[in-house]
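K.L.:
Let me begin by handing over the structure; questions about it come next.
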Amino acid sequence: MSQKQAISCQLSSIKFKQALAKANNVLSSHPVSLTAVKGNLYLQFSTNIQFDGSRGKKFRSKYSVAKLLGVHKCADTAENVAIALEEALKLSRRLLSSTFSWDDYSFWIPSAKLPPHLKQKLASSHICQELIAEYKDYYWATHDFSTPEAAYRSTRGWQKTYLPFLQKLPTEGIFNENAILQALQAYKVNSRTRQQAISRLKGLANYHGIKINWDKFQYSGKLASKKARELSEEEIIAGWQNIKQYQPKRGKKSKYQDLFAWMYGMMAVYGLRNHETLNIQNLTQPFKHPTINLILPAFNDPSNQDKVIYTYGKTGDRLQALPYPLAWIKLFELENIP
């Protein structure tokens with residue numbers, strides 16, 4: 001900073017302090033005062049009018065002039081003191097004439113303390129971006145971030161299951177039925193993804209107390225389901241090779257890469273689900289069948305030539321024999337259990 005700029009800043013600071021002192025001198029006989037905190041101006045006053053309009057215990061606090069004016073910041077300059085003084089006098093007249101109502105100053109009320117009628121009023125006039133930001137704060141406050149693993153899951157949950165749908169809303173637009181229609185245009189009418197989007201948007205609306213007629217967005221027909229395409233043997237083998245031989249451009253291979261390839265191979269050969277693969281009872285040691293007189297050798301035991309396994313899942317226990325094709329046991333190196 002040059003000497004000229006330093007002098008200018010000092011003069012500006014002196015003018016501001018003088019203006020603030022004069023303003024508070026004017027307000028000395030009023031129930032409102034002005035103060036400056038970290039470069040922003042605030043009004044201070046006491047009232048026994050509660051946020052819901054009832055009367056109760058008197059409380060005093062300071063309130064941002066910037067929020068009152070609808071700007072990002074009301075800096076500490078002499079010009080802004082004059083503006084703040086004018087607003088303070090208006091507020092004082094309302095307090096003295098008993099016409100003050102928090103309905104006219106709802107932007108000063110903390111979100112958690114908003115009465116229902118003001119929450120509805122504010123939400124209907126808030127832009128989508130602001131509503132999403134508040135909803136994100138609520139999500140963060142109600143999910144587990146106590147450990148790195150929990151924080152990862154919670155963060156991923158927001159990024160994968162909430163944000164993609166909420167971002168379809170018009171950023172600077174008002175959250176209403178038109179905004180919802182605009183967001184849903186990105187999805188097919190009878191798709192499950194659209195139903196997920198409606199669910200997330202409904203959660204946003206419910207949190208902010210916005211009443212929406214969701215019936216008009218629901219699809220009454222049967223939801224479309226994607227028809228699975230059966231993979232060829234060549235594609236299945238290529239999939240395993242891609243996992244096994246994957247080499248990142250930077251850094252080392254994942255320590256779980258061999259495990260991923262093994263899991264893929266077992267699921268491909270036996271037609272298992274992932275949890276059924278993890279529940280194989282005779283993977284590395286013999287297993288006695290619980291209902292019949294049969295002892296199964298371990299999966300990786302050479303005597304288990306048919307590679308019979310015993311596992312269980314959501315549909316119950318089952319004996320899985322003769323994997324197809326049997327040659328894939330060696331091709332996918334499945335006997336080398338990670």
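Numbering starts fresh at 1 for the residues of each chain in the structure tokens, the chains themselves are lettered A, B, ... in the order given, and ligands are numbered from 1 as they appear.
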Neighbours of Pro31 (chain A) within 12 Å (only C-alpha atoms; same-chain residues fewer than 4 positions away dropped), as a PyMOL selection string?

P.N.:
chain A and resi 24+26-27+43-47+60+88-97

K.L.:
Considering only C-alpha atoms, return as a PyMOL selection string whatever protein or nucleic-acid residues lie within 12 Å of Tyr310 (chain A), sequence-local ones (same chain, fewer than 2 positions apart) excluded.

P.N.:
chain A and resi 270+272+276-290+294-299+307-308+312-313+316-321

K.L.:
Which residues, written as a ChimeraX atom specification, have at least one atom at most 12 Å from Asn80 (chain A), with only C-alpha atoms counted and residues fewer than 4 positions away on the same chain left out?

P.N.:
/A:12,15-17,19-20,23,34,36,39-42,65-66,69,71,73-76,84-87

K.L.:
What does the distance from CA of Ala327 (chain A) to CA of Lys255 (chain A) come to in Å, to one decimal?

P.N.:
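Between CA of Ala327 (chain A) and CA of Lys255 (chain A) the gap is 26.4 Å.
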
K.L.:
Can you list every residue in region 10-252 of chain A that DSSP puts in strand (DSSP E or B), as a PyMOL selection string?

P.N.:
chain A and resi 32-37+40-49+55-64+127+174

K.L.:
Just the residues within 12 Å of region 207-221 of chain A, please, counting only C-alpha atoms, with nothing from its chain fewer than 4 positions along; format it as a ChimeraX atom specification.

P.N.:
/A:111-112,114-126,128,130-139,174-185,187-192,194-203

K.L.:
What is the distance between CA of Glu149 (chain A) and CA of Ile337 (chain A), in Å to one decimal?

P.N.:
26.2 Å

K.L.:
Rank A:Tyr63, A:Tyr256, A:Phe332, A:Phe145 by their smallest atom-to-atom distance to Gly239 (chain A), using only C-alpha atoms, and report the top residue only.

P.N.:
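The shortest atom-to-atom distance to Gly239 (chain A) comes from A:Phe332.
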
K.L.:
Write out as a list in words which residues come within 9 Å of Asp103 (chain A) when counting only C-alpha atoms, dropping same-chain ones fewer than 4 positions away.

P.N.:
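Surrounding residues, per the criterion: Phe51, Asp52, Gly53, Phe107 and Leu118 of chain A.
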
K.L.:
Just to confirm, what's the straight-line distance from CA of Glu335 (chain A) to CA of Lys253 (chain A) in Å (one decimal)?

P.N.:
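These two atoms are separated by 21.5 Å.
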
K.L.:
Which residue out of A:Gln159, A:Gln50, A:Asn206, A:Asn336 has the minimum interatomic distance to Gly265 (chain A) when only C-alpha atoms are used?

P.N.:
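Smallest separation from Gly265 (chain A) among the options: A:Asn336.
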
K.L.:
As a VMD selection string, please: all residues of region 108-246 of chain A that backbone DSSP puts in helix (DSSP H, G or I).

P.N.:
chain A and resid 108 111 to 113 116 to 125 128 to 142 148 to 161 163 to 166 177 to 184 192 to 208 214 to 217 233 to 244

K.L.:
Could you list, as an MDAnalysis selection string, every residue within 8 Å of Ala261 (chain A), counting only C-alpha atoms and ignoring same-chain residues fewer than 2 positions away?

P.N.:
chainID A and resid 240 243:244 257:259 263:265 332

K.L.:
Can I get the selection written as a short mmCIF file (atom, residue, chain, number, x, y, z; two decimals), in the first residue's frame, with all heavy atoms?

P.N.:
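Here's the written file again-v3.cif:
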```
data_model
loop_
_atom_site.label_atom_id
_atom_site.label_comp_id
_atom_site.auth_asym_id
_atom_site.auth_seq_id
_atom_site.Cartn_x
_atom_site.Cartn_y
_atom_site.Cartn_z
N TRP A 240 -12.85 -59.01 -16.84
CA TRP A 240 -11.92 -59.46 -15.81
C TRP A 240 -10.50 -58.96 -16.11
O TRP A 240 -9.79 -58.51 -15.21
CB TRP A 240 -11.93 -61.00 -15.75
CG TRP A 240 -10.97 -61.55 -14.73
CD1 TRP A 240 -11.18 -61.71 -13.40
CD2 TRP A 240 -9.63 -62.00 -14.98
NE1 TRP A 240 -10.08 -62.22 -12.78
CE2 TRP A 240 -9.10 -62.42 -13.73
CE3 TRP A 240 -8.84 -62.09 -16.11
CZ2 TRP A 240 -7.80 -62.91 -13.61
CZ3 TRP A 240 -7.55 -62.59 -15.99
CH2 TRP A 240 -7.04 -63.00 -14.74
N ILE A 243 -9.95 -55.35 -15.13
CA ILE A 243 -9.76 -55.14 -13.69
C ILE A 243 -8.37 -55.62 -13.27
O ILE A 243 -7.64 -54.92 -12.56
CB ILE A 243 -10.84 -55.90 -12.89
CG1 ILE A 243 -12.23 -55.39 -13.25
CG2 ILE A 243 -10.59 -55.74 -11.38
CD1 ILE A 243 -13.36 -56.19 -12.64
N LYS A 244 -8.00 -56.80 -13.71
CA LYS A 244 -6.74 -57.42 -13.29
C LYS A 244 -5.53 -56.64 -13.78
O LYS A 244 -4.54 -56.48 -13.06
CB LYS A 244 -6.69 -58.85 -13.82
CG LYS A 244 -5.53 -59.68 -13.29
CD LYS A 244 -5.73 -60.04 -11.84
CE LYS A 244 -4.62 -60.97 -11.35
NZ LYS A 244 -4.77 -61.30 -9.92
N GLN A 257 -7.03 -54.43 -5.82
CA GLN A 257 -7.28 -54.73 -7.23
C GLN A 257 -7.42 -56.23 -7.47
O GLN A 257 -8.32 -56.68 -8.19
CB GLN A 257 -6.16 -54.16 -8.09
CG GLN A 257 -6.49 -54.13 -9.57
CD GLN A 257 -5.57 -53.19 -10.33
OE1 GLN A 257 -5.13 -52.19 -9.79
NE2 GLN A 257 -5.28 -53.51 -11.57
N ASP A 258 -6.55 -57.04 -6.86
CA ASP A 258 -6.64 -58.49 -7.02
C ASP A 258 -7.93 -59.03 -6.40
O ASP A 258 -8.54 -59.97 -6.93
CB ASP A 258 -5.43 -59.17 -6.38
CG ASP A 258 -4.15 -58.93 -7.16
OD1 ASP A 258 -4.25 -58.61 -8.37
OD2 ASP A 258 -3.05 -59.04 -6.58
N LEU A 259 -8.34 -58.43 -5.29
CA LEU A 259 -9.59 -58.85 -4.65
C LEU A 259 -10.79 -58.53 -5.55
O LEU A 259 -11.71 -59.35 -5.70
CB LEU A 259 -9.75 -58.15 -3.30
CG LEU A 259 -11.07 -58.41 -2.55
CD1 LEU A 259 -11.25 -59.89 -2.27
CD2 LEU A 259 -11.13 -57.59 -1.27
N MET A 263 -13.34 -61.30 -6.97
CA MET A 263 -14.79 -61.19 -6.73
C MET A 263 -15.54 -61.22 -8.06
O MET A 263 -16.55 -61.91 -8.22
CB MET A 263 -15.11 -59.89 -5.99
CG MET A 263 -14.74 -59.88 -4.53
SD MET A 263 -15.91 -60.81 -3.50
CE MET A 263 -17.38 -59.81 -3.66
N TYR A 264 -15.04 -60.48 -9.03
CA TYR A 264 -15.67 -60.45 -10.35
C TYR A 264 -15.70 -61.85 -10.95
O TYR A 264 -16.73 -62.29 -11.49
CB TYR A 264 -14.88 -59.50 -11.26
CG TYR A 264 -15.34 -59.46 -12.70
CD1 TYR A 264 -16.23 -58.48 -13.14
CD2 TYR A 264 -14.88 -60.38 -13.63
CE1 TYR A 264 -16.65 -58.44 -14.46
CE2 TYR A 264 -15.29 -60.35 -14.95
CZ TYR A 264 -16.17 -59.37 -15.37
OH TYR A 264 -16.59 -59.33 -16.68
N GLY A 265 -14.57 -62.56 -10.85
CA GLY A 265 -14.49 -63.90 -11.43
C GLY A 265 -15.46 -64.87 -10.77
O GLY A 265 -16.15 -65.64 -11.45
N PHE A 332 -9.44 -67.24 -14.46
CA PHE A 332 -9.62 -66.10 -13.56
C PHE A 332 -8.80 -66.23 -12.27
O PHE A 332 -8.96 -65.41 -11.36
CB PHE A 332 -11.10 -65.92 -13.22
CG PHE A 332 -11.96 -65.51 -14.38
CD1 PHE A 332 -13.33 -65.72 -14.36
CD2 PHE A 332 -11.41 -64.92 -15.51
CE1 PHE A 332 -14.13 -65.34 -15.42
CE2 PHE A 332 -12.20 -64.53 -16.58
CZ PHE A 332 -13.57 -64.75 -16.54
#
```

K.L.:
From the set A:Pro323, A:Thr193, A:Glu333, A:Met267, which residue has the shortest atom-to-atom contact distance to Gln241 (chain A), counting only C-alpha atoms?

P.N.:
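Using only C-alpha atoms, Gln241 (chain A) sits closest to A:Glu333.
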
K.L.:
With distances taken over only C-alpha atoms, which residue among A:Lys330, A:Ile236, A:Ser54, A:Ser64 lies nearest Ser101 (chain A)?

P.N.:
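Answer, going by the shortest atom-to-atom distance: A:Ser54.
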